[in-house]
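coords27.cif (mmCIF, C-alpha atoms)
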data_protein
loop_
_atom_site.label_atom_id
_atom_site.label_comp_id
_atom_site.auth_asym_id
_atom_site.auth_seq_id
_atom_site.Cartn_x
_atom_site.Cartn_y
_atom_site.Cartn_z
CA MET U 1 2.42 -10.79 27.23
CA ASN U 2 5.49 -11.64 25.24
CA LEU U 3 4.82 -11.10 21.54
CA VAL U 4 7.53 -11.52 18.95
CA ILE U 5 7.69 -10.60 15.30
CA ILE U 6 9.82 -12.94 13.23
CA LYS U 7 12.66 -11.12 11.51
CA TYR U 8 13.58 -12.42 8.07
CA ASN U 9 14.35 -11.14 4.59
CA ALA U 10 10.93 -9.62 3.94
CA GLY U 11 9.94 -6.02 4.44
CA ASN U 12 7.14 -4.45 6.39
CA ILE U 13 8.32 -5.55 9.80
CA GLN U 14 8.65 -2.08 11.33
CA SER U 15 5.09 -1.20 10.32
CA VAL U 16 3.75 -4.17 12.27
CA LEU U 17 5.82 -3.22 15.30
CA TYR U 18 4.53 0.37 15.19
CA ALA U 19 0.92 -0.73 14.71
CA LEU U 20 1.16 -2.93 17.81
CA ASP U 21 2.68 -0.02 19.68
CA ARG U 22 -0.35 2.13 18.73
CA ILE U 23 -2.69 -0.39 20.35
CA GLY U 24 -0.48 -0.62 23.43
CA VAL U 25 1.14 -3.99 22.71
CA GLN U 26 4.89 -4.15 23.13
CA ALA U 27 6.54 -6.53 20.70
CA LYS U 28 10.06 -7.60 19.87
CA VAL U 29 11.52 -8.22 16.43
CA THR U 30 13.80 -11.25 16.47
CA ASP U 31 15.14 -14.22 14.50
CA ASP U 32 16.37 -15.96 17.62
CA VAL U 33 14.87 -19.46 17.69
CA ALA U 34 14.61 -19.69 21.47
CA GLU U 35 12.91 -16.30 21.73
CA ILE U 36 10.41 -17.26 19.04
CA GLN U 37 9.65 -20.60 20.67
CA GLN U 38 9.17 -19.09 24.11
CA ALA U 39 6.94 -16.22 23.00
CA ASP U 40 3.26 -16.12 23.99
CA LYS U 41 2.29 -14.94 20.51
CA VAL U 42 4.17 -14.85 17.23
CA ILE U 43 3.60 -12.64 14.19
CA PHE U 44 5.07 -13.74 10.87
CA PRO U 45 4.85 -10.67 8.61
CA GLY U 46 6.19 -10.06 5.17
CA VAL U 47 6.20 -8.29 1.88
CA GLY U 48 8.42 -9.90 -0.70
CA GLU U 49 8.90 -12.91 -2.92
CA ALA U 50 7.91 -16.43 -1.84
CA SER U 51 10.79 -18.59 -3.07
CA SER U 52 13.59 -16.37 -1.74
CA ALA U 53 11.75 -16.02 1.57
CA MET U 54 11.35 -19.83 1.86
CA ARG U 55 15.01 -20.34 1.01
CA TYR U 56 15.99 -17.84 3.71
CA LEU U 57 13.78 -19.57 6.31
CA LYS U 58 15.11 -23.03 5.43
CA GLU U 59 18.74 -21.96 5.59
CA ARG U 60 18.13 -20.90 9.18
CA GLY U 61 15.88 -23.78 10.14
CA LEU U 62 13.07 -21.31 10.78
CA ASP U 63 10.70 -23.29 8.54
CA ILE U 64 10.69 -26.18 11.04
CA VAL U 65 10.53 -23.79 13.99
CA ILE U 66 7.45 -21.99 12.65
CA LYS U 67 5.61 -25.20 11.71
CA ASN U 68 6.04 -26.56 15.21
CA LEU U 69 4.95 -23.51 17.16
CA LYS U 70 2.12 -24.20 19.62
CA GLN U 71 1.21 -20.63 20.60
CA PRO U 72 -1.04 -18.42 18.42
CA VAL U 73 0.78 -17.43 15.23
CA LEU U 74 -0.42 -14.75 12.82
CA GLY U 75 0.97 -14.67 9.29
CA ILE U 76 0.46 -11.44 7.39
CA CYS U 77 0.44 -11.15 3.59
CA LEU U 78 3.48 -13.11 2.37
CA GLY U 79 3.68 -14.63 5.85
CA MET U 80 0.21 -16.13 5.36
CA GLN U 81 1.08 -17.32 1.87
CA LEU U 82 4.21 -19.06 3.14
CA MET U 83 2.04 -20.95 5.64
CA CYS U 84 0.13 -22.50 2.73
CA ARG U 85 1.01 -25.73 0.92
CA PHE U 86 2.53 -24.43 -2.28
CA SER U 87 2.96 -21.09 -4.08
CA GLU U 88 2.91 -20.47 -7.80
CA GLU U 89 5.30 -17.59 -7.16
CA ASN U 90 8.37 -19.30 -8.61
CA ASP U 91 6.70 -22.66 -7.83
CA VAL U 92 7.88 -23.19 -4.31
CA ASP U 93 6.80 -25.66 -1.63
CA CYS U 94 5.80 -23.70 1.46
CA LEU U 95 5.24 -24.62 5.11
CA ASN U 96 2.10 -26.68 4.47
CA ILE U 97 0.32 -25.57 7.62
CA PHE U 98 -2.77 -24.69 5.58
CA ASP U 99 -3.68 -27.13 2.77
CA GLU U 100 -4.63 -24.26 0.49
CA ASP U 101 -2.44 -23.37 -2.50
CA VAL U 102 -1.29 -19.89 -3.47
CA LYS U 103 -2.06 -18.96 -7.07
CA TYR U 104 -1.40 -16.08 -9.47
CA PHE U 105 -4.29 -13.69 -10.16
CA GLY U 106 -3.21 -13.56 -13.80
CA LYS U 107 -4.01 -17.25 -14.20
CA ALA U 108 -7.44 -17.16 -12.58
CA ALA U 109 -10.04 -18.77 -14.82
CA ASN U 110 -12.10 -15.80 -15.90
CA VAL U 111 -9.36 -13.21 -15.84
CA ASP U 112 -9.76 -10.42 -18.36
CA ASN U 113 -6.76 -8.68 -19.84
CA ARG U 114 -7.59 -5.38 -18.18
CA LEU U 115 -7.03 -6.78 -14.72
CA LYS U 116 -4.49 -4.84 -12.73
CA ILE U 117 -1.93 -6.90 -10.87
CA PRO U 118 -1.02 -6.50 -8.07
CA GLN U 119 -4.31 -5.73 -6.42
CA ILE U 120 -3.51 -2.53 -4.51
CA GLY U 121 -6.00 -0.90 -2.21
CA TRP U 122 -8.98 -1.40 0.06
CA ASN U 123 -11.31 -4.35 -0.45
CA ASN U 124 -14.00 -5.86 1.74
CA ILE U 125 -13.78 -9.06 3.76
CA TYR U 126 -16.88 -11.23 4.30
CA ASP U 127 -17.97 -14.65 5.62
CA LEU U 128 -15.96 -13.81 8.70
CA LYS U 129 -15.80 -16.78 11.04
CA SER U 130 -13.22 -16.58 13.75
CA PRO U 131 -12.59 -14.81 17.07
CA LEU U 132 -9.94 -12.96 15.07
CA PHE U 133 -12.84 -10.92 13.70
CA ASP U 134 -14.65 -10.17 16.97
CA ASN U 135 -16.18 -6.68 16.69
CA VAL U 136 -15.28 -6.52 13.01
CA PRO U 137 -18.44 -6.05 10.91
CA GLN U 138 -19.02 -8.17 7.80
CA ASN U 139 -17.81 -6.40 4.65
CA SER U 140 -15.29 -4.28 6.51
CA TYR U 141 -12.58 -2.82 4.30
CA THR U 142 -8.95 -3.81 4.72
CA TYR U 143 -5.81 -2.89 2.81
CA PHE U 144 -4.34 -5.35 0.30
CA VAL U 145 -1.21 -5.38 -1.84
CA HIS U 146 -0.69 -8.72 -3.60
CA SER U 147 -0.39 -10.53 -6.92
CA TYR U 148 -0.94 -14.06 -5.57
CA TYR U 149 -3.87 -15.34 -3.55
CA ALA U 150 -4.75 -18.35 -1.41
CA ALA U 151 -7.62 -20.33 -2.87
CA LEU U 152 -10.77 -20.94 -0.85
CA GLY U 153 -10.60 -24.05 1.30
CA GLU U 154 -11.64 -25.64 4.55
CA HIS U 155 -9.45 -23.21 6.53
CA THR U 156 -10.91 -20.06 5.01
CA ILE U 157 -12.19 -17.69 7.73
CA ALA U 158 -12.63 -14.58 5.53
CA THR U 159 -13.37 -14.19 1.84
CA THR U 160 -12.62 -11.35 -0.57
CA ASN U 161 -13.35 -10.94 -4.28
CA TYR U 162 -10.82 -9.81 -6.82
CA VAL U 163 -11.68 -11.45 -10.12
CA ILE U 164 -12.63 -14.50 -8.07
CA PRO U 165 -13.48 -15.13 -4.42
CA TYR U 166 -10.36 -16.12 -2.46
CA SER U 167 -9.18 -16.57 1.13
CA SER U 168 -8.43 -13.22 2.72
CA ALA U 169 -7.82 -15.02 6.02
CA LEU U 170 -7.09 -18.60 7.07
CA HIS U 171 -7.13 -20.46 10.38
CA LYS U 172 -6.06 -23.90 11.48
CA ASP U 173 -5.39 -24.86 15.10
CA ASN U 174 -3.09 -22.18 16.54
CA PHE U 175 -2.23 -20.72 13.14
CA TYR U 176 -3.92 -17.66 11.65
CA GLY U 177 -3.15 -15.77 8.49
CA THR U 178 -4.43 -12.62 6.81
CA GLN U 179 -3.74 -11.69 3.21
CA PHE U 180 -4.48 -8.06 3.98
CA HIS U 181 -2.31 -5.82 6.14
CA PRO U 182 -4.03 -5.24 9.50
CA GLU U 183 -1.19 -2.88 10.40
CA LYS U 184 -2.28 -0.59 7.53
CA SER U 185 -6.04 -1.15 7.70
CA ALA U 186 -7.04 1.78 9.92
CA GLY U 187 -9.39 1.01 12.83
CA VAL U 188 -10.51 -2.35 11.44
CA GLY U 189 -6.93 -3.54 11.30
CA GLU U 190 -6.25 -2.36 14.84
CA GLN U 191 -9.28 -4.31 16.07
CA ILE U 192 -7.96 -7.46 14.36
CA LEU U 193 -4.51 -7.01 15.91
CA LYS U 194 -6.14 -6.46 19.33
CA ASN U 195 -8.18 -9.63 18.83
CA PHE U 196 -5.03 -11.59 18.00
CA ALA U 197 -3.26 -10.16 21.03
CA GLN U 198 -6.18 -11.34 23.20
CA LEU U 199 -6.56 -14.81 21.70
CA ILE U 200 -6.28 -17.64 24.17
CA ASN U 201 -4.73 -20.76 22.80
CA MET D 202 -14.93 -5.10 -4.38
CA LEU D 203 -11.70 -3.14 -4.69
CA THR D 204 -12.50 0.51 -4.00
CA LYS D 205 -11.40 3.73 -5.64
CA ARG D 206 -8.92 5.56 -3.43
CA ILE D 207 -8.85 9.17 -2.23
CA ILE D 208 -5.34 10.39 -1.52
CA PRO D 209 -4.49 13.74 0.10
CA CYS D 210 -1.01 14.98 -0.78
CA LEU D 211 1.12 16.95 1.67
CA ASP D 212 4.02 19.06 0.43
CA ILE D 213 6.86 19.05 2.94
CA LYS D 214 9.79 21.41 3.37
CA ASP D 215 12.29 20.96 6.21
CA GLY D 216 9.88 18.54 7.84
CA ARG D 217 6.92 20.95 7.75
CA THR D 218 3.89 21.22 5.47
CA VAL D 219 4.41 23.97 2.95
CA LYS D 220 1.03 25.14 1.81
CA GLY D 221 -1.09 26.68 4.49
CA THR D 222 -4.14 24.91 5.73
CA ASN D 223 -7.50 25.92 7.04
CA PHE D 224 -7.59 23.48 9.88
CA VAL D 225 -8.11 25.71 12.85
CA ASN D 226 -8.64 22.74 15.12
CA LEU D 227 -5.12 21.44 14.62
CA ARG D 228 -2.68 22.21 17.35
CA ASP D 229 0.07 22.58 14.77
CA ALA D 230 -1.18 22.85 11.19
CA GLY D 231 2.39 22.79 9.93
CA ASP D 232 3.03 19.33 11.35
CA PRO D 233 2.60 16.80 8.55
CA VAL D 234 2.04 13.97 11.01
CA GLU D 235 -0.83 15.70 12.75
CA LEU D 236 -2.47 16.70 9.48
CA GLY D 237 -1.94 13.22 8.02
CA ALA D 238 -3.48 11.61 11.10
CA LEU D 239 -6.52 13.85 10.75
CA TYR D 240 -6.97 12.81 7.11
CA ALA D 241 -6.58 9.15 8.06
CA LYS D 242 -9.27 9.57 10.70
CA GLN D 243 -11.54 11.27 8.18
CA GLY D 244 -11.30 8.30 5.83
CA ALA D 245 -8.43 9.09 3.47
CA ASP D 246 -7.32 5.81 1.89
CA GLU D 247 -3.64 6.64 1.60
CA LEU D 248 -1.37 9.63 2.02
CA VAL D 249 1.40 11.02 -0.14
CA PHE D 250 4.17 13.11 1.41
CA LEU D 251 6.13 15.03 -1.20
CA ASP D 252 9.36 16.55 0.03
CA ILE D 253 10.55 19.69 -1.69
CA THR D 254 13.47 20.43 0.63
CA ALA D 255 16.63 21.22 -1.29
CA THR D 256 19.19 21.11 1.50
CA VAL D 257 21.81 18.53 2.35
CA GLU D 258 19.94 17.75 5.56
CA LYS D 259 17.06 16.52 3.49
CA ARG D 260 17.63 12.79 3.73
CA LYS D 261 17.79 12.70 7.47
CA THR D 262 14.75 14.94 7.88
CA LEU D 263 12.75 12.83 5.47
CA SER D 264 13.61 9.51 7.07
CA GLU D 265 12.82 10.91 10.50
CA LEU D 266 9.51 12.14 9.17
CA ALA D 267 8.72 8.73 7.65
CA ASN D 268 9.45 7.17 11.01
CA ARG D 269 7.11 9.54 12.84
CA ILE D 270 4.37 9.03 10.26
CA SER D 271 4.54 5.27 10.49
CA HIS D 272 4.34 5.43 14.27
CA HIS D 273 1.23 7.58 14.26
CA ILE D 274 -0.74 6.84 11.11
CA ASN D 275 -2.66 3.62 10.49
CA ILE D 276 -3.08 3.79 6.69
CA PRO D 277 -0.50 3.33 3.92
CA PHE D 278 1.69 6.22 2.84
CA THR D 279 4.05 7.09 0.02
CA VAL D 280 7.09 9.32 0.32
CA GLY D 281 8.51 11.16 -2.68
CA GLY D 282 10.68 14.06 -3.70
CA GLY D 283 14.26 13.87 -4.89
CA ILE D 284 14.67 10.14 -4.32
CA SER D 285 17.49 8.95 -6.55
CA SER D 286 19.09 5.78 -5.20
CA VAL D 287 18.45 2.32 -3.81
CA GLN D 288 20.04 3.55 -0.59
CA ASP D 289 17.55 6.46 -0.29
CA VAL D 290 14.67 4.03 -0.71
CA SER D 291 16.05 1.45 1.67
CA ILE D 292 16.24 4.02 4.46
CA LEU D 293 12.70 5.27 3.86
CA LEU D 294 11.23 1.75 3.78
CA GLN D 295 13.13 0.80 6.92
CA ASN D 296 11.54 3.80 8.56
CA GLY D 297 8.08 2.54 7.73
CA ALA D 298 7.18 4.07 4.34
CA ASP D 299 4.95 1.71 2.36
CA LYS D 300 5.87 3.07 -1.03
CA ILE D 301 8.23 5.61 -2.50
CA SER D 302 7.73 7.69 -5.60
CA VAL D 303 10.43 8.52 -8.12
CA ASN D 304 10.27 11.06 -10.90
CA THR D 305 13.20 12.93 -12.49
CA ALA D 306 15.90 10.57 -11.23
CA ALA D 307 14.07 7.61 -12.76
CA TYR D 308 13.72 9.38 -16.08
CA LYS D 309 17.44 10.16 -16.14
CA ASN D 310 18.32 6.63 -15.05
CA PRO D 311 15.47 4.23 -15.91
CA GLN D 312 17.42 1.28 -14.51
CA LEU D 313 16.77 2.78 -11.08
CA ILE D 314 13.18 1.56 -11.41
CA ASN D 315 14.38 -1.93 -12.20
CA GLN D 316 16.82 -1.94 -9.30
CA LEU D 317 14.15 -0.75 -6.88
CA ALA D 318 11.60 -3.29 -8.10
CA LYS D 319 14.12 -6.13 -7.77
CA GLU D 320 15.29 -5.04 -4.36
CA PHE D 321 11.98 -4.08 -2.74
CA GLY D 322 9.20 -5.29 -5.07
CA SER D 323 7.11 -3.40 -7.62
CA GLN D 324 4.36 -2.82 -5.07
CA CYS D 325 6.38 -0.08 -3.41
CA VAL D 326 7.67 1.66 -6.55
CA VAL D 327 5.42 4.50 -7.68
CA LEU D 328 6.46 6.38 -10.80
CA ALA D 329 5.39 10.02 -10.66
CA ILE D 330 5.03 11.72 -14.04
CA ASP D 331 4.44 15.43 -14.56
CA THR D 332 2.93 15.82 -17.99
CA LYS D 333 1.71 18.64 -20.19
CA LYS D 334 -0.41 18.63 -23.31
CA GLU D 335 1.29 20.68 -25.99
CA ALA D 336 -0.13 22.50 -29.00
CA ASP D 337 0.36 19.36 -31.12
CA GLY D 338 -2.18 17.59 -28.92
CA GLU D 339 0.38 15.19 -27.42
CA TRP D 340 1.20 14.76 -23.74
CA TYR D 341 4.91 15.20 -22.97
CA VAL D 342 6.97 14.34 -19.89
CA TYR D 343 8.34 17.23 -17.83
CA LEU D 344 11.09 16.99 -15.23
CA ASN D 345 12.36 18.90 -12.21
CA GLY D 346 8.93 19.74 -10.86
CA GLY D 347 7.65 20.79 -14.28
CA ARG D 348 10.49 23.16 -15.12
CA THR D 349 12.19 21.05 -17.79
CA LYS D 350 10.45 19.82 -20.93
CA THR D 351 11.43 16.57 -22.61
CA ASP D 352 10.57 15.19 -26.05
CA THR D 353 9.25 11.96 -24.54
CA LYS D 354 5.56 11.21 -24.76
CA CYS D 355 3.89 10.44 -21.48
CA THR D 356 2.42 7.11 -22.60
CA ASP D 357 5.83 5.90 -23.90
CA TRP D 358 7.59 6.70 -20.64
CA ALA D 359 4.82 5.20 -18.52
CA ARG D 360 4.91 1.96 -20.48
CA GLN D 361 8.69 1.72 -20.31
CA ALA D 362 8.60 2.36 -16.56
CA VAL D 363 5.98 -0.33 -16.00
CA ASP D 364 8.03 -2.79 -18.06
CA LEU D 365 10.99 -1.95 -15.82
CA GLY D 366 8.93 -2.68 -12.70
CA ALA D 367 7.00 0.41 -11.63
CA GLY D 368 3.96 -0.80 -9.70
CA GLU D 369 1.82 2.30 -9.89
CA ILE D 370 1.71 5.58 -11.85
CA LEU D 371 1.06 8.94 -10.20
CA LEU D 372 0.03 11.11 -13.11
CA THR D 373 -0.05 14.90 -12.70
CA SER D 374 -1.42 17.03 -15.51
CA MET D 375 0.36 20.38 -15.48
CA ASN D 376 -2.41 21.80 -17.66
CA HIS D 377 -4.94 21.04 -14.95
CA ASP D 378 -2.94 21.34 -11.73
CA GLY D 379 -4.15 24.26 -9.63
CA THR D 380 -7.05 25.11 -11.96
CA LYS D 381 -9.80 23.32 -10.00
CA GLN D 382 -11.45 22.75 -13.39
CA GLY D 383 -11.33 18.96 -13.24
CA PHE D 384 -8.78 16.22 -13.85
CA ALA D 385 -7.20 15.39 -17.23
CA LEU D 386 -9.55 12.66 -18.34
CA ASP D 387 -8.06 11.67 -21.70
CA ILE D 388 -4.49 10.93 -20.63
CA THR D 389 -5.66 9.30 -17.40
CA ARG D 390 -8.01 7.02 -19.34
CA ASP D 391 -5.30 6.20 -21.91
CA LEU D 392 -2.78 5.18 -19.28
CA SER D 393 -5.28 3.34 -17.13
CA GLY D 394 -6.57 1.38 -20.14
CA GLN D 395 -3.13 0.56 -21.51
CA LEU D 396 -1.20 -0.27 -18.37
CA PRO D 397 -1.54 -3.29 -16.09
CA VAL D 398 -0.90 -1.19 -12.98
CA PRO D 399 -3.05 1.31 -11.06
CA VAL D 400 -3.09 4.96 -12.13
CA ILE D 401 -3.46 7.78 -9.60
CA ALA D 402 -4.87 10.93 -11.21
CA SER D 403 -3.59 14.25 -9.92
CA GLY D 404 -4.17 17.87 -10.80
CA GLY D 405 -7.37 19.79 -11.28
CA GLY D 406 -9.79 18.31 -8.75
CA GLY D 407 -11.99 21.20 -7.62
CA THR D 408 -15.44 19.78 -7.01
CA MET D 409 -16.84 16.46 -5.84
CA GLU D 410 -18.23 15.92 -9.37
CA HIS D 411 -14.67 16.04 -10.71
CA PHE D 412 -13.83 12.99 -8.63
CA VAL D 413 -16.82 11.08 -9.93
CA THR D 414 -15.76 11.93 -13.49
CA VAL D 415 -12.14 10.95 -13.08
CA PHE D 416 -13.16 7.55 -11.74
CA GLU D 417 -15.97 6.89 -14.20
CA GLU D 418 -14.69 8.51 -17.38
CA GLY D 419 -10.99 8.76 -16.59
CA LYS D 420 -10.93 5.16 -15.27
CA ALA D 421 -8.52 6.27 -12.54
CA ASP D 422 -7.84 3.82 -9.72
CA ALA D 423 -7.18 6.64 -7.27
CA ALA D 424 -7.39 10.42 -7.18
CA LEU D 425 -4.97 12.74 -5.43
CA ALA D 426 -5.47 16.34 -4.35
CA ALA D 427 -3.86 18.79 -1.98
CA SER D 428 -5.16 22.29 -1.37
CA ILE D 429 -8.86 21.51 -1.72
CA PHE D 430 -8.46 19.22 1.27
CA HIS D 431 -6.07 21.49 3.17
CA PHE D 432 -8.41 24.47 2.80
CA LYS D 433 -11.47 22.37 3.54
CA GLU D 434 -13.09 23.23 0.23
CA ILE D 435 -13.89 19.54 0.09
CA ASP D 436 -14.34 17.48 3.20
CA ILE D 437 -13.21 13.85 2.80
CA PRO D 438 -16.25 12.28 4.53
CA ASP D 439 -18.57 14.38 2.34
CA LEU D 440 -16.62 13.44 -0.78
CA LYS D 441 -16.82 9.75 0.01
CA ALA D 442 -20.52 9.90 0.76
CA PHE D 443 -21.06 11.73 -2.53
CA LEU D 444 -19.05 9.13 -4.47
CA LYS D 445 -20.99 6.33 -2.87
CA GLU D 446 -24.27 8.01 -3.77
CA LYS D 447 -23.02 8.19 -7.37
CA ALA D 448 -22.34 4.42 -7.27
CA VAL D 449 -18.54 4.73 -7.14
CA GLU D 450 -17.12 2.03 -4.85
CA VAL D 451 -15.42 3.69 -1.90
CA ARG D 452 -14.44 2.70 1.61
CA ILE D 453 -16.66 4.37 4.17
#

Please, can you express the file's structure as structure tokens?
Amino acid sequence: MNLVIIKYNAGNIQSVLYALDRIGVQAKVTDDVAEIQQADKVIFPGVGEASSAMRYLKERGLDIVIKNLKQPVLGICLGMQLMCRFSEENDVDCLNIFDEDVKYFGKAANVDNRLKIPQIGWNNIYDLKSPLFDNVPQNSYTYFVHSYYAALGEHTIATTNYVIPYSSALHKDNFYGTQFHPEKSAGVGEQILKNFAQLIN
Amino acid sequence: MLTKRIIPCLDIKDGRTVKGTNFVNLRDAGDPVELGALYAKQGADELVFLDITATVEKRKTLSELANRISHHINIPFTVGGGISSVQDVSILLQNGADKISVNTAAYKNPQLINQLAKEFGSQCVVLAIDTKKEADGEWYVYLNGGRTKTDTKCTDWARQAVDLGAGEILLTSMNHDGTKQGFALDITRDLSGQLPVPVIASGGGGTMEHFVTVFEEGKADAALAASIFHFKEIDIPDLKAFLKEKAVEVRI
């Protein structure tokens, strides 16, 4: 299998590569359009800021490339958020693959002033409904680091609570996204990466 | 629900763990990667690797170590010890570190925190503070591994650092460190209540009860310890089961 990780101006890419290596999946980090288009699977990772990441993708035409991919695509953290419609992080239009919007925890309705942002640490995922979570028990813990969240919507395939319930994973057609970092989520994360590697389009 | 985190800390010198350990089943107890992997398997939530090497070779050794850790360990880890520039941090992050911690260099040049947060995001910038309660009842900041006293109050420095972009505070009480008499609850609670970022309590954990107290009374988001884990005085799976029994949210 030919799996590529999209290289762009967001961190965390090496960690994804190493995590795949641990589960025996060889991957390649690239920003080459042809290589991305021809891959069997694509991972779109990222830790960073939404508007500068979108600007970077647009300048290179990668926004159009990603939107039109037909093979399974997994967005991780910022990667998932960029696949949503719009992000409140510097109010930027994103790829609009998922209809859900990305919002700031600090503006959630019942936020109290003692809330710590970003959410950093292990939280549970529930209402799991996708082959991405095969052999992953309900309420498994995964590792999160984020200040913005995707609202619940028709594409939600996992839910997590931090102040409010939100989408910890999304799925539409060949596109998947996780807000948490499977590459840092111990055995649960490795199972999810294995599941993605085994998905059949 | 977001869980409280248990974080073993490994002191590293020339790429090796410094303090001895009691792990007879490890092939090489001095190998930080092997020890870290064992803790990860036992349910540690994160790891901190603190480098105390003072040689010029340090940078290379540390980045190579970060690279090995990120290849072999499937939980997040922080690297700290003598980090003083954007360049230092860039190399460590490129080699797979999730976060870095800064201490003395950030105190001497607070704009470093701002530069790091802008360049890499607050989520990877941990400010480590060594603090000591003096006779006047106030907590002061110490530098250079606790050797140099300053006149700055811990809460003032922590707040300034968070305003500059620090995403997490690693708070070590010098009064408590090594005593095994429990964590510093008052300063941990003050910082955790006042700051909008997580606080990791360090120094003094000696029993499983101490961990319950630092989470419940100290309001810590995470607790860090070293020798009690290395010498198997407390076993991580036992600790987590105990916390859960005491209704502290933990990942099991």

> Can you list what the PyMOL selection byres ((chain D) within 6 of (chain U)) grabs from this structure, as a ChimeraX atom specification?
Replying inline: /D:202-204,272,275-277,297,397-398

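If you look at CA of Tyr240 (chain D) and CA of Ala442 (chain D), they are 15.2 Å away from each other.
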
Long-range neighbours of region 74-77 of chain U as a short mmCIF file (atom, residue, chain, number, x, y, z; two decimals) with C-alpha atoms, in the coordinates of the input, 9 Å cut-off, only C-alpha atoms, 2 positions minimum in chain:
data_model
loop_
_atom_site.label_atom_id
_atom_site.label_comp_id
_atom_site.auth_asym_id
_atom_site.auth_seq_id
_atom_site.Cartn_x
_atom_site.Cartn_y
_atom_site.Cartn_z
CA LYS U 41 2.29 -14.94 20.51
CA VAL U 42 4.17 -14.85 17.23
CA ILE U 43 3.60 -12.64 14.19
CA PHE U 44 5.07 -13.74 10.87
CA PRO U 45 4.85 -10.67 8.61
CA GLY U 46 6.19 -10.06 5.17
CA VAL U 47 6.20 -8.29 1.88
CA PRO U 72 -1.04 -18.42 18.42
CA GLY U 79 3.68 -14.63 5.85
CA MET U 80 0.21 -16.13 5.36
CA GLN U 81 1.08 -17.32 1.87
CA LEU U 82 4.21 -19.06 3.14
CA MET U 83 2.04 -20.95 5.64
CA PHE U 144 -4.34 -5.35 0.30
CA VAL U 145 -1.21 -5.38 -1.84
CA HIS U 146 -0.69 -8.72 -3.60
CA ASN U 174 -3.09 -22.18 16.54
CA PHE U 175 -2.23 -20.72 13.14
CA TYR U 176 -3.92 -17.66 11.65
CA GLY U 177 -3.15 -15.77 8.49
CA THR U 178 -4.43 -12.62 6.81
CA GLN U 179 -3.74 -11.69 3.21
CA PHE U 180 -4.48 -8.06 3.98
CA HIS U 181 -2.31 -5.82 6.14
CA PRO U 182 -4.03 -5.24 9.50
CA PHE U 196 -5.03 -11.59 18.00
#

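CA of Gly24 (chain U) to CA of Gly244 (chain D) spans 22.5 Å [interatomic distance, one decimal].
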
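A straight line drawn from CA of Ser285 (chain D) to CA of Val303 (chain D) is 7.2 Å long.
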
>> For this structure, which residues satisfy the selection - the PyMOL selection byres ((chain D and resi 367) around 8) - when it is evaluated on the file as given? I want them as an MDAnalysis selection string.
In response: chainID D and resid 314:315 318 323:324 326:328 362:366 368:370

Exercise: Thr262 (chain D) partners within 10 Å, only C-alpha atoms, chain neighbours under 5 positions left out, as a compact mmCIF listing (two decimals) with C-alpha atoms, keeping the file's coordinate frame:
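That gives us selection-v2.txt:
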# COMPACT_ATOMS: atom_id res chain seq x y z
CA LYS D 214 9.79 21.41 3.37
CA ASP D 215 12.29 20.96 6.21
CA GLY D 216 9.88 18.54 7.84
CA ARG D 217 6.92 20.95 7.75
CA ASP D 252 9.36 16.55 0.03
CA THR D 254 13.47 20.43 0.63
CA THR D 256 19.19 21.11 1.50
CA VAL D 257 21.81 18.53 2.35
CA ALA D 267 8.72 8.73 7.65
CA ASN D 268 9.45 7.17 11.01

> U:Gln198, U:Ser87, U:Asn9, U:Ser52: which is nearest Asp40 (chain U), counting all atoms listed in the file?
Replying inline: U:Gln198

> the PyMOL selection byres ((chain D and resi 308) around 10) on the file shown: which residues, as a PyMOL selection string?
Replying inline: chain D and resi 303-307+309-314+328-330+342-344+351+353+358+362

> Smallest atom-to-atom distance to Ile97 (chain U): which of U:Val33, U:Met1, U:Leu69, U:Val136, using only C-alpha atoms?
Replying inline: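 So, comparing all the options, the nearest one is U:Leu69.
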
> Is there a way to get, as a list in words, all residues within 10 Å of the point (8.2, -16.0, 21.1) in file coordinates, counting all atoms listed in the file?
Replying inline: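 Final list of nearby residues, as requested, is Met1, Asn2, Leu3, Val4, Ile5, Ile6, Ala27, Lys28, Val29, Thr30, Asp31, Asp32, Val33, Ala34, Glu35, Ile36, Gln37, Gln38, Ala39, Asp40, Lys41, Val42, Ile43, Leu69, Gln71, Pro72 and Val73 of chain U.
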
> Which of these residues is nearest to Ala158 (chain U), using all atoms listed in the file: U:Tyr126, U:Phe133, U:Phe105, U:Tyr8?
Replying inline: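 For Ala158 (chain U), the nearest of the candidates is U:Tyr126.
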
Centre and size of axis-aligned box enclosing region 421-430 of chain D plus 3 Å each side, as lines of an AutoDock Vina configuration file:
center_x = -6.4
center_y = 13.1
center_z = -5.6
size_x = 11.0
size_y = 24.5
size_z = 19.8

>> Under the rule that only C-alpha atoms are counted, which of D:Ile429, D:Cys210, D:Leu294, D:Ile388 is the nearest residue to Asn376 (chain D)?
In response: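 Ranked by minimum distance to Asn376 (chain D), first place goes to D:Ile388.
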
>> So that I can see what lies close to Ser51 (chain U), please list as a ChimeraX atom specification the residues with an atom at most 8 Å from it, counting all atoms listed in the file and leaving out residues fewer than 2 positions away in the same chain.
In response: /U:49,53-55,89-92

Take the residues from that selection and put them in a file with C-alpha atoms, as a PDB file, in the coordinates of the input.
ATOM      1  CA  GLU U  49       8.900 -12.910  -2.920  1.00  0.00           C
ATOM      2  CA  ALA U  53      11.750 -16.020   1.570  1.00  0.00           C
ATOM      3  CA  MET U  54      11.350 -19.830   1.860  1.00  0.00           C
ATOM      4  CA  ARG U  55      15.010 -20.340   1.010  1.00  0.00           C
ATOM      5  CA  GLU U  89       5.300 -17.590  -7.160  1.00  0.00           C
ATOM      6  CA  ASN U  90       8.370 -19.300  -8.610  1.00  0.00           C
ATOM      7  CA  ASP U  91       6.700 -22.660  -7.830  1.00  0.00           C
ATOM      8  CA  VAL U  92       7.880 -23.190  -4.310  1.00  0.00           C
TER       9      VAL U  92
END
